[in-house]
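Enquirer: This is the structure, below, for whatever I ask next.
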Amino acid sequence: TVTVSTVIHTYFTMFRINQGQFYGMEGFSPSTIIKKIILLQIIFYLMASLFLGLIGTIGGIGYSFQLLFDSTKLSFGFGEGYIPIVSFTLSSFPCAYMVSWIIKRAKKCLDYVSTIYILHLFLCWINNHFPSNWDWWIVNFCSFLIMAVLSEYLCIRKEMKVIKLDHNINLDDLSSDDDLNNSDLDDND
């Protein structure tokens, strides 16, 4: 006989199994998602600033927030425009590693990387103007692709590692399982 409590228990058991498929065993937690987004955005700007500072020092240009947020500073047309281009491209590599380390799921990497670049677009728009030059769009799209693909690749490599199992089988455990299976067969006759 099927009771209401059995149906409810089965439903919630199925919900927990499916919940682990999409959100992991910790479940859906908006506060955790927001914390990860903020952390990844900070890491993105720290890495970009680090590379802008290093490459700018080599190129003889001082660091400024204009290099981070002004789309007109990023250009293939003049020498100083290459500093943010190289910086944003190079910063996508360590950021991809950090995304894979923090997120730990290949399915979620594209979502978080997209969020990083959408927020970057909005911050550029708020600080100066909407990016209208093609150089900015090409560089950020290429950096986005590098970060998304590399972070997913790193996560997949972690997920595909061999799971080590304990191969020491206790024979007493096997015999108790066989007794249970045999008693089930006897009840069906």
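Residue names in the structure tokens use chain letters A, B, ... in the order shown, residue numbers from 1 in each chain, and ligand numbers from 1 in the order shown.
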Name all residues at most 8 Å from segment 53-60 of chain A (count only C-alpha atoms; drop same-chain ones fewer than 6 positions away) and give them as number ranges by chain.
Expert: A: 80, 83, 87
Enquirer: For atom CA of Cys124 of chain A and atom CA of Lys107 of chain A, determine how far apart the two atoms are, in Å to one decimal place.
Expert: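 Going from atom CA of Cys124 of chain A over to atom CA of Lys107 of chain A covers 27.6 Å.
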Enquirer: Excluding segment 65-70 of chain A and residues on its chain fewer than 4 positions from it, collect all residues at most 7 Å away from it, counting only C-alpha atoms, and give them as a PyMOL selection string.
Expert: chain A and resi 84+124+127-128
Enquirer: Find the distance between atom CA of Lys108 of chain A and atom CA of Pro94 of chain A and write it in Å to one decimal.
Expert: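 Interatomic distance here is 17.6 Å.
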Enquirer: Need to verify the contact set: segment 114-117 of chain A, 8 Å, only C-alpha atoms, exclusion of same-chain residues closer than 3 positions in sequence. Can you return it as a JSON list (two decimals) with N, CA and C atoms, in the first residue's frame?
Expert:
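Contents of around_29.json, as written:
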```
[["chain", "number", "residue", "atom", "x", "y", "z"],
["A", 37, "ILE", "N", 30.91, 35.63, -6.66],
["A", 37, "ILE", "CA", 30.95, 36.62, -7.74],
["A", 37, "ILE", "C", 31.81, 37.81, -7.33],
["A", 40, "LEU", "N", 35.52, 36.75, -7.23],
["A", 40, "LEU", "CA", 36.09, 36.60, -8.57],
["A", 40, "LEU", "C", 36.25, 37.95, -9.27],
["A", 41, "GLN", "N", 35.33, 38.88, -9.03],
["A", 41, "GLN", "CA", 35.46, 40.22, -9.62],
["A", 41, "GLN", "C", 36.68, 40.94, -9.05],
["A", 44, "PHE", "N", 39.72, 39.38, -10.56],
["A", 44, "PHE", "CA", 39.86, 39.82, -11.95],
["A", 44, "PHE", "C", 40.54, 41.19, -12.02],
["A", 110, "LEU", "N", 31.32, 28.82, -17.05],
["A", 110, "LEU", "CA", 30.85, 29.77, -18.06],
["A", 110, "LEU", "C", 29.94, 30.83, -17.43],
["A", 111, "ASP", "N", 29.10, 30.43, -16.49],
["A", 111, "ASP", "CA", 28.21, 31.38, -15.83],
["A", 111, "ASP", "C", 29.00, 32.43, -15.05],
["A", 120, "HIS", "N", 32.13, 43.83, -15.70],
["A", 120, "HIS", "CA", 33.20, 44.70, -16.21],
["A", 120, "HIS", "C", 32.64, 45.68, -17.25],
["A", 121, "LEU", "N", 31.77, 45.20, -18.12],
["A", 121, "LEU", "CA", 31.13, 46.07, -19.10],
["A", 121, "LEU", "C", 30.33, 47.18, -18.40],
["A", 140, "ASN", "N", 38.22, 41.98, -25.05],
["A", 140, "ASN", "CA", 37.45, 41.41, -23.95],
["A", 140, "ASN", "C", 36.77, 40.10, -24.34],
["A", 144, "PHE", "N", 37.61, 36.71, -22.53],
["A", 144, "PHE", "CA", 36.49, 35.93, -22.02],
["A", 144, "PHE", "C", 36.59, 34.48, -22.48]]
```
Enquirer: For Cys95 of chain A, list every protein, DNA or RNA residue within 10 Å, evaluated using only C-alpha atoms, and leave out those in the same chain fewer than 4 positions away; present the list as a PyMOL selection string.
Expert: chain A and resi 40-41+43-48+90-91+99-101+113+146-148+150-151
Enquirer: Output the selection as a PDB file, in the first residue's frame - N, CA, C and O atoms for each residue.
Expert:
```
ATOM      1  N   LEU A  40      35.522  36.751  -7.228  1.00  0.00           N
ATOM      2  CA  LEU A  40      36.085  36.602  -8.571  1.00  0.00           C
ATOM      3  C   LEU A  40      36.252  37.947  -9.267  1.00  0.00           C
ATOM      4  O   LEU A  40      37.226  38.155 -10.001  1.00  0.00           O
ATOM      5  N   GLN A  41      35.331  38.883  -9.026  1.00  0.00           N
ATOM      6  CA  GLN A  41      35.462  40.219  -9.625  1.00  0.00           C
ATOM      7  C   GLN A  41      36.681  40.939  -9.049  1.00  0.00           C
ATOM      8  O   GLN A  41      37.433  41.585  -9.784  1.00  0.00           O
ATOM      9  N   ILE A  43      39.355  39.482  -7.791  1.00  0.00           N
ATOM     10  CA  ILE A  43      40.540  38.799  -8.342  1.00  0.00           C
ATOM     11  C   ILE A  43      40.795  39.240  -9.777  1.00  0.00           C
ATOM     12  O   ILE A  43      41.942  39.466 -10.175  1.00  0.00           O
ATOM     13  N   PHE A  44      39.722  39.381 -10.563  1.00  0.00           N
ATOM     14  CA  PHE A  44      39.859  39.825 -11.952  1.00  0.00           C
ATOM     15  C   PHE A  44      40.543  41.191 -12.021  1.00  0.00           C
ATOM     16  O   PHE A  44      41.484  41.387 -12.788  1.00  0.00           O
ATOM     17  N   TYR A  45      40.086  42.136 -11.201  1.00  0.00           N
ATOM     18  CA  TYR A  45      40.677  43.474 -11.234  1.00  0.00           C
ATOM     19  C   TYR A  45      42.067  43.516 -10.605  1.00  0.00           C
ATOM     20  O   TYR A  45      42.917  44.286 -11.046  1.00  0.00           O
ATOM     21  N   LEU A  46      42.322  42.666  -9.618  1.00  0.00           N
ATOM     22  CA  LEU A  46      43.677  42.596  -9.060  1.00  0.00           C
ATOM     23  C   LEU A  46      44.670  42.063 -10.085  1.00  0.00           C
ATOM     24  O   LEU A  46      45.778  42.596 -10.228  1.00  0.00           O
ATOM     25  N   MET A  47      44.284  41.014 -10.791  1.00  0.00           N
ATOM     26  CA  MET A  47      45.171  40.449 -11.818  1.00  0.00           C
ATOM     27  C   MET A  47      45.376  41.437 -12.968  1.00  0.00           C
ATOM     28  O   MET A  47      46.497  41.617 -13.443  1.00  0.00           O
ATOM     29  N   ALA A  48      44.304  42.058 -13.423  1.00  0.00           N
ATOM     30  CA  ALA A  48      44.424  43.041 -14.505  1.00  0.00           C
ATOM     31  C   ALA A  48      45.291  44.214 -14.056  1.00  0.00           C
ATOM     32  O   ALA A  48      46.144  44.692 -14.820  1.00  0.00           O
ATOM     33  N   LEU A  90      46.700  38.538 -20.779  1.00  0.00           N
ATOM     34  CA  LEU A  90      47.507  37.735 -19.861  1.00  0.00           C
ATOM     35  C   LEU A  90      46.801  37.491 -18.530  1.00  0.00           C
ATOM     36  O   LEU A  90      46.976  36.433 -17.922  1.00  0.00           O
ATOM     37  N   SER A  91      46.015  38.441 -18.079  1.00  0.00           N
ATOM     38  CA  SER A  91      45.337  38.262 -16.784  1.00  0.00           C
ATOM     39  C   SER A  91      44.250  37.195 -16.849  1.00  0.00           C
ATOM     40  O   SER A  91      43.855  36.652 -15.818  1.00  0.00           O
ATOM     41  N   VAL A  99      39.141  30.813 -11.089  1.00  0.00           N
ATOM     42  CA  VAL A  99      37.742  30.427 -11.291  1.00  0.00           C
ATOM     43  C   VAL A  99      37.586  28.924 -11.069  1.00  0.00           C
ATOM     44  O   VAL A  99      36.681  28.475 -10.356  1.00  0.00           O
ATOM     45  N   SER A 100      38.490  28.137 -11.642  1.00  0.00           N
ATOM     46  CA  SER A 100      38.386  26.685 -11.477  1.00  0.00           C
ATOM     47  C   SER A 100      38.627  26.274 -10.030  1.00  0.00           C
ATOM     48  O   SER A 100      38.018  25.322  -9.547  1.00  0.00           O
ATOM     49  N   TRP A 101      39.479  26.983  -9.339  1.00  0.00           N
ATOM     50  CA  TRP A 101      39.790  26.650  -7.945  1.00  0.00           C
ATOM     51  C   TRP A 101      38.642  27.020  -7.019  1.00  0.00           C
ATOM     52  O   TRP A 101      38.341  26.305  -6.067  1.00  0.00           O
ATOM     53  N   VAL A 113      32.262  33.255 -15.355  1.00  0.00           N
ATOM     54  CA  VAL A 113      33.107  34.071 -16.236  1.00  0.00           C
ATOM     55  C   VAL A 113      32.248  35.090 -16.986  1.00  0.00           C
ATOM     56  O   VAL A 113      32.651  36.251 -17.145  1.00  0.00           O
ATOM     57  N   ILE A 146      39.260  32.801 -23.469  1.00  0.00           N
ATOM     58  CA  ILE A 146      40.401  32.151 -22.821  1.00  0.00           C
ATOM     59  C   ILE A 146      40.033  31.740 -21.401  1.00  0.00           C
ATOM     60  O   ILE A 146      40.273  30.600 -20.977  1.00  0.00           O
ATOM     61  N   MET A 147      39.461  32.672 -20.653  1.00  0.00           N
ATOM     62  CA  MET A 147      39.128  32.386 -19.261  1.00  0.00           C
ATOM     63  C   MET A 147      38.069  31.300 -19.134  1.00  0.00           C
ATOM     64  O   MET A 147      38.192  30.394 -18.304  1.00  0.00           O
ATOM     65  N   ALA A 148      37.037  31.345 -19.950  1.00  0.00           N
ATOM     66  CA  ALA A 148      35.954  30.360 -19.866  1.00  0.00           C
ATOM     67  C   ALA A 148      36.431  28.970 -20.258  1.00  0.00           C
ATOM     68  O   ALA A 148      36.199  27.996 -19.536  1.00  0.00           O
ATOM     69  N   LEU A 150      39.561  27.765 -20.527  1.00  0.00           N
ATOM     70  CA  LEU A 150      40.630  27.257 -19.660  1.00  0.00           C
ATOM     71  C   LEU A 150      40.091  26.862 -18.285  1.00  0.00           C
ATOM     72  O   LEU A 150      40.482  25.822 -17.742  1.00  0.00           O
ATOM     73  N   SER A 151      39.188  27.633 -17.717  1.00  0.00           N
ATOM     74  CA  SER A 151      38.645  27.270 -16.404  1.00  0.00           C
ATOM     75  C   SER A 151      37.812  25.991 -16.489  1.00  0.00           C
ATOM     76  O   SER A 151      37.901  25.134 -15.603  1.00  0.00           O
TER      77      SER A 151
END
```
